[in-house]
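Peer 1: This is the structure I want to talk about, given as structure tokens.
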Amino acid sequence: MKDLIQINGVKKVYQSKAGPIHALGPIDLNIREGEFISIVGPSGCGKSTLLLLVGGLLEYEAGQIFINGNLVNKPQTDIGIVFQTPVLVDWRDVLGNVLLQIEMRGLKKEVYIEKARNLLRSVGLAEFEKRYPFELSGGMQQRAAFCRALIHDPPLVLMDEPLGALDAITREQLRVDLEQLWLLTKKTVLFVTHSIPESVQLSDRVVVFTPRPGQIAEIIEIDLPRPRTIAVRESAAFQQYIHQLTSIFMNFGILRDTVSTNQQKAVVGEE
Amino acid sequence: MTSLSSTTSSKAGGIFASLRGWFSEARNTILFVIGFLLFWELAVIVFRIPRYILPSLSSIIRQFVRNFDLIWEYTLITGYETLVGFVIAVAIGVPLAMLTAFSRILRQTFYPFAVALEMVPKIAFAPLFVTWFGFGFIPKMIIVFLVCFFPILLNGILGFTSLSQEMVYFSRSTGASQLRMFWKIRLPAALPELFVGLKGAAVNATVGATISEWIGGDAGLGYYIQIATGQLRMDLAFAIIFMLTALGLLLFYIVQLVEKRMIPWHVSQRVSVFGKREI
């Protein structure tokens with residue numbers, strides 16, 4: 001498969017009152033077309049920053065990012081984007097929120113209504129298209145956000161901890177649904193998470209970041225059959241990957257066996 | 001029997017049903033108000049409170065009816081000052097809030113200045129305005145404008161700048177122009193906060209008009225209150241106060257009506273005044 005995204009020596013430095021903060025990089029990473037790739041790392045390691053850089057939503061100080069051979073130097077519009085919060089607008093119903101993507105792009109709404117309905121059906125929101133965000137649970141809102149990120153058929157979807165704010169059970173279900181959605185659409189997905197099991201369950205490759213300034217510590221290919229059913233998740237191979245990733249964090253000193261630190265919670269999530 | 005009653009209620013139309021619904025919801029509130037007014041009437045009689053201290057409700061109503069022509073004439077005057085001042089404050093305040101929210105220069109220069117001005121007691125200018133503009137309509141209208149302008153401006157700025165960073169990222173990823181982003185996202189997102197300002201302004205408006213008439217007026221309800229209290233005609237003064245209250249409520253409810261039409265989706269619109277959730 002050919003590379004969709006090339007990241008060459010990218011660095012990000014934030015200016016703060018206390019002086020410049022080296023947040024990220026240098027990063028070298030190629031992302032293949034149609035690949036589900038996760039970035040896992042401790043809090044504050046710059047993984048969300050990388051996602052925003054790829055989206056052209058932040059400026060970078062050094063290096064280059066190419067999408068489809070084009071240099072990223074302004075906000076990219078050939079993408080879908082999902083955040084930790086659903087970022088729906090209160091004044092539109094679910095269908096209207098999905099179609100907001102279309103209207104903002106100046107495309108014809110009528111052309112996309114059927115597609116929006118299909119997408120909503122595929123995430124179990126068929127009967128909720130006329131509901132407003134406040135009438136939905138957090139998980140349902142986030143499903144609507146997925147639909148909004150996919151309605152315009154972008155080749156690349158950026159997801160910044162999209163399941164991070166959900167309760168454990170909803171989160172479990174949404175992982176399954178998200179994989180299903182990905183298998184259906186075969187988009188390239190750049191997925192940021194701080195949950196090791198989540199990254200193993202969803203990804204073709206997991207990129208592990210070091211603590212700040214975030215750099216790539218290791219890239220692990222997840223060679224497990226899809227869909228990653230409960231049987232797969234309980235397999236020895238799956239556990240082996242989790243063990244492998246956990247050891248990397250233990251080597252950083254972010255995870256320790258004896259004391260429970262906040263960082264530990266941050267890395268392993270709810271598991 | 002059941003079918004009969006259901007046909008009657010559907011025949012009677014939505015108006016009666018919704019009126020009945022409103023009444024059952026508002027019943028406690030209405031009963032309380034009636035109880036309060038009865039207590040007032042009785043207390044004045046039972047405790048023999050002199051009428052130049054606190055008049056009875058019945059005497060207030062009598063005065064209201066007897067002097068209705070003049071009260072109504074002055075209501076139109078005060079109402080006009082209130083309305084014109086309010087409308088001008090909206091017409092200038094909302095666009096200025098927009099400009100300030102989107103211009104870095106204005107945020108650095110005008111915004112701190114406006115916050116400081118908000119602290120100035122606007123009423124203190126009333127005597128100056130009388131000196132400058134005389135006893136007529138203009139100085140009252142300016143006072144009303146001033147007490148309405150700042151809540152609209154400051155809440156408006158708050159509304160137009162309250163968009164989350166994620167929403168901005170999403171908008172940019174769609175490639176939408178600033179103008180489209182404004183119409184589709186920024187403006188509707190700003191409305192709830194803007195209406196907080198508009199309602200605050202509506203409350204201030206009649207206060208501003210009344211006080212400016214006290215300070216230098218020859219007509220209007222505020223002026224009339226001064227005449228009435230000067231003659232110790234407290235029943236008349238209360239009658240005028242009731243009219244002023246009605247005027248203030250009218251303006252407030254108009255704003256609220258517009259609000260209900262424009263932002264029915266907002267959390268503030270989903271809770272009824274009587275405390276029952278409407279979900």
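Ordered as shown in the structure tokens, chains take letters A, B, and onward, while each chain numbers its residues from 1 and ligands are numbered from 1 in the order shown.
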Can you list, as a CSV table (one decimal) with C-alpha atoms, in the first residue's frame, every protein, DNA or RNA residue that comes within 10 Å of Asn155 (chain B) when you count only C-alpha atoms, leaving out same-chain residues fewer than 4 positions away?
Peer 2:
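The resulting selection37.csv:
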chain,number,residue,atom,x,y,z
B,93,GLY,CA,-24.6,47.3,21.1
B,94,VAL,CA,-25.0,44.1,19.1
B,97,ALA,CA,-20.1,43.5,20.4
B,150,PHE,CA,-23.5,48.0,28.5
B,151,PRO,CA,-25.3,44.7,29.4
B,159,GLY,CA,-21.3,35.3,23.4
B,160,PHE,CA,-19.3,36.0,20.3
B,161,THR,CA,-16.0,34.9,21.9
B,190,ALA,CA,-23.6,33.7,20.7
B,191,LEU,CA,-27.4,34.1,21.0
B,192,PRO,CA,-28.0,32.6,24.5
B,193,GLU,CA,-25.4,34.9,26.0
B,194,LEU,CA,-26.7,37.8,23.9
B,195,PHE,CA,-30.2,37.3,25.3
B,196,VAL,CA,-28.9,37.4,28.8
B,197,GLY,CA,-27.7,40.9,28.0
B,198,LEU,CA,-31.0,41.9,26.3
B,200,GLY,CA,-30.7,42.6,31.7
Peer 1: Pull out every residue of chain B that has at least one atom within 7 Å of chain A, counting only C-alpha atoms, and report them as a PDB file with N, CA and C atoms, in the first residue's frame.
Peer 2:
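The file below, part07.pdb, is the result:
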ATOM      1  N   GLU B 166     -12.139  23.458  19.824  1.00  0.00           N
ATOM      2  CA  GLU B 166     -12.449  22.307  18.965  1.00  0.00           C
ATOM      3  C   GLU B 166     -13.416  22.708  17.849  1.00  0.00           C
ATOM      4  N   MET B 167     -14.405  23.550  18.203  1.00  0.00           N
ATOM      5  CA  MET B 167     -15.367  23.987  17.201  1.00  0.00           C
ATOM      6  C   MET B 167     -14.667  24.815  16.125  1.00  0.00           C
ATOM      7  N   TYR B 169     -11.498  24.473  15.255  1.00  0.00           N
ATOM      8  CA  TYR B 169     -10.747  23.496  14.451  1.00  0.00           C
ATOM      9  C   TYR B 169     -11.668  22.813  13.441  1.00  0.00           C
ATOM     10  N   PHE B 170     -12.829  22.377  13.940  1.00  0.00           N
ATOM     11  CA  PHE B 170     -13.770  21.711  13.033  1.00  0.00           C
ATOM     12  C   PHE B 170     -14.134  22.631  11.874  1.00  0.00           C
ATOM     13  N   ARG B 172     -12.545  25.120  10.607  1.00  0.00           N
ATOM     14  CA  ARG B 172     -11.441  25.349   9.673  1.00  0.00           C
ATOM     15  C   ARG B 172     -11.224  24.135   8.794  1.00  0.00           C
ATOM     16  N   SER B 173     -11.472  22.946   9.350  1.00  0.00           N
ATOM     17  CA  SER B 173     -11.249  21.730   8.560  1.00  0.00           C
ATOM     18  C   SER B 173     -12.284  21.590   7.441  1.00  0.00           C
ATOM     19  N   THR B 174     -13.355  22.394   7.504  1.00  0.00           N
ATOM     20  CA  THR B 174     -14.344  22.335   6.435  1.00  0.00           C
ATOM     21  C   THR B 174     -14.014  23.326   5.319  1.00  0.00           C
ATOM     22  N   GLY B 175     -13.054  24.199   5.587  1.00  0.00           N
ATOM     23  CA  GLY B 175     -12.695  25.197   4.594  1.00  0.00           C
ATOM     24  C   GLY B 175     -13.725  26.304   4.438  1.00  0.00           C
ATOM     25  N   ALA B 176     -14.659  26.386   5.384  1.00  0.00           N
ATOM     26  CA  ALA B 176     -15.714  27.402   5.291  1.00  0.00           C
ATOM     27  C   ALA B 176     -15.116  28.803   5.428  1.00  0.00           C
ATOM     28  N   ARG B 180     -19.400  32.401   6.306  1.00  0.00           N
ATOM     29  CA  ARG B 180     -20.269  31.232   6.474  1.00  0.00           C
ATOM     30  C   ARG B 180     -20.165  30.695   7.904  1.00  0.00           C
ATOM     31  N   TRP B 265     -33.699  25.696  21.478  1.00  0.00           N
ATOM     32  CA  TRP B 265     -32.828  24.559  21.743  1.00  0.00           C
ATOM     33  C   TRP B 265     -31.967  24.768  22.983  1.00  0.00           C
ATOM     34  N   HIS B 266     -31.924  26.009  23.505  1.00  0.00           N
ATOM     35  CA  HIS B 266     -30.958  26.269  24.570  1.00  0.00           C
ATOM     36  C   HIS B 266     -31.470  25.777  25.919  1.00  0.00           C
TER      37      HIS B 266
END
Peer 1: Provide the CA of Arg256 (chain A) to CA of Ser38 (chain A) distance in Å, to one decimal place.
Peer 2: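 One can read the CA of Arg256 (chain A) to CA of Ser38 (chain A) distance as 23.0 Å.
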Peer 1: Can you list, as a list in words, every residue of region 108-224 of chain A that DSSP puts in strand (DSSP E)?
Peer 2: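 Matching residues, listed in order: Leu156, Val157, Leu158, Met159, Asp160, Thr188, Val189, Leu190, Phe191, Val192, Thr193, Arg205, Val206, Val207, Val208, Phe209, Ile216, Ala217, Glu218, Ile219, Ile220 and Glu221 of chain A.
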Peer 1: What's around Leu70 (chain B) at 12 Å? Count only C-alpha atoms, leave out sequence neighbours fewer than 5 positions away in its own chain, and write the answer as a list of chain:residue names.
Peer 2: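 Final neighbour list, sorted by chain and number: B:Gln63, B:Phe64, B:Val65, B:Thr75, B:Leu76, B:Ile77, B:Ala219, B:Gly220, B:Leu221, B:Tyr223, B:Tyr224, B:Ile225, B:Leu236, B:Ala239, B:Ile240, B:Met243.
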Peer 1: Identify, on the basis of only C-alpha atoms, every residue whose closest approach to region 197-207 of chain A does not exceed 8 Å; exclude the query and any residue fewer than 4 positions from it along the same chain; express the result as number ranges by chain.
Peer 2: A: 35-40, 175, 179, 193, 216-223, 228, 233, 238, 241-242, 268, 271
Peer 1: Considering only alpha helix (DSSP H) as DSSP defines it on the backbone, what residues of region 145-251 of chain B qualify? List them as JSON, numbers by chain.
Peer 2: {"B": [145, 146, 147, 148, 149, 150, 151, 152, 153, 154, 155, 156, 157, 158, 159, 160, 165, 166, 167, 168, 169, 170, 171, 172, 173, 178, 179, 180, 181, 187, 188, 189, 190, 191, 192, 193, 194, 195, 196, 197, 198, 199, 200, 201, 202, 203, 204, 205, 206, 207, 208, 209, 210, 211, 212, 213, 214, 215, 216, 221, 222, 223, 224, 225, 226, 227, 228, 229, 230, 234, 235, 236, 237, 238, 239, 240, 241, 242, 243, 244, 245, 246, 247, 248, 249, 250, 251]}
Peer 1: Enter the distance from CA of Pro50 (chain B) to CA of Phe36 (chain B), in Å, rounded to one decimal.
Peer 2: 19.4 Å
Peer 1: Just give me the gap between CA of Lys122 (chain B) and CA of Gly230 (chain B) in Å, one decimal is fine.
Peer 2: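 Calculated distance between CA of Lys122 (chain B) and CA of Gly230 (chain B) is 25.4 Å.
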Peer 1: Report as a list in words all protein, DNA and RNA residues lying within 12 Å of Leu166 (chain A), evaluated on only C-alpha atoms, omitting residues in the same chain fewer than 2 positions from it.
Peer 2: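 Selected residues are Gln84, Thr85, Pro86, Ser137, Gly138, Gly139, Met140, Gln141, Gln142, Arg143, Glu161, Pro162, Leu163, Gly164, Ala168, Ile169, Thr170, Arg171, Glu172, Gln173, Leu174, Arg175, Gly269 and Glu270 of chain A.
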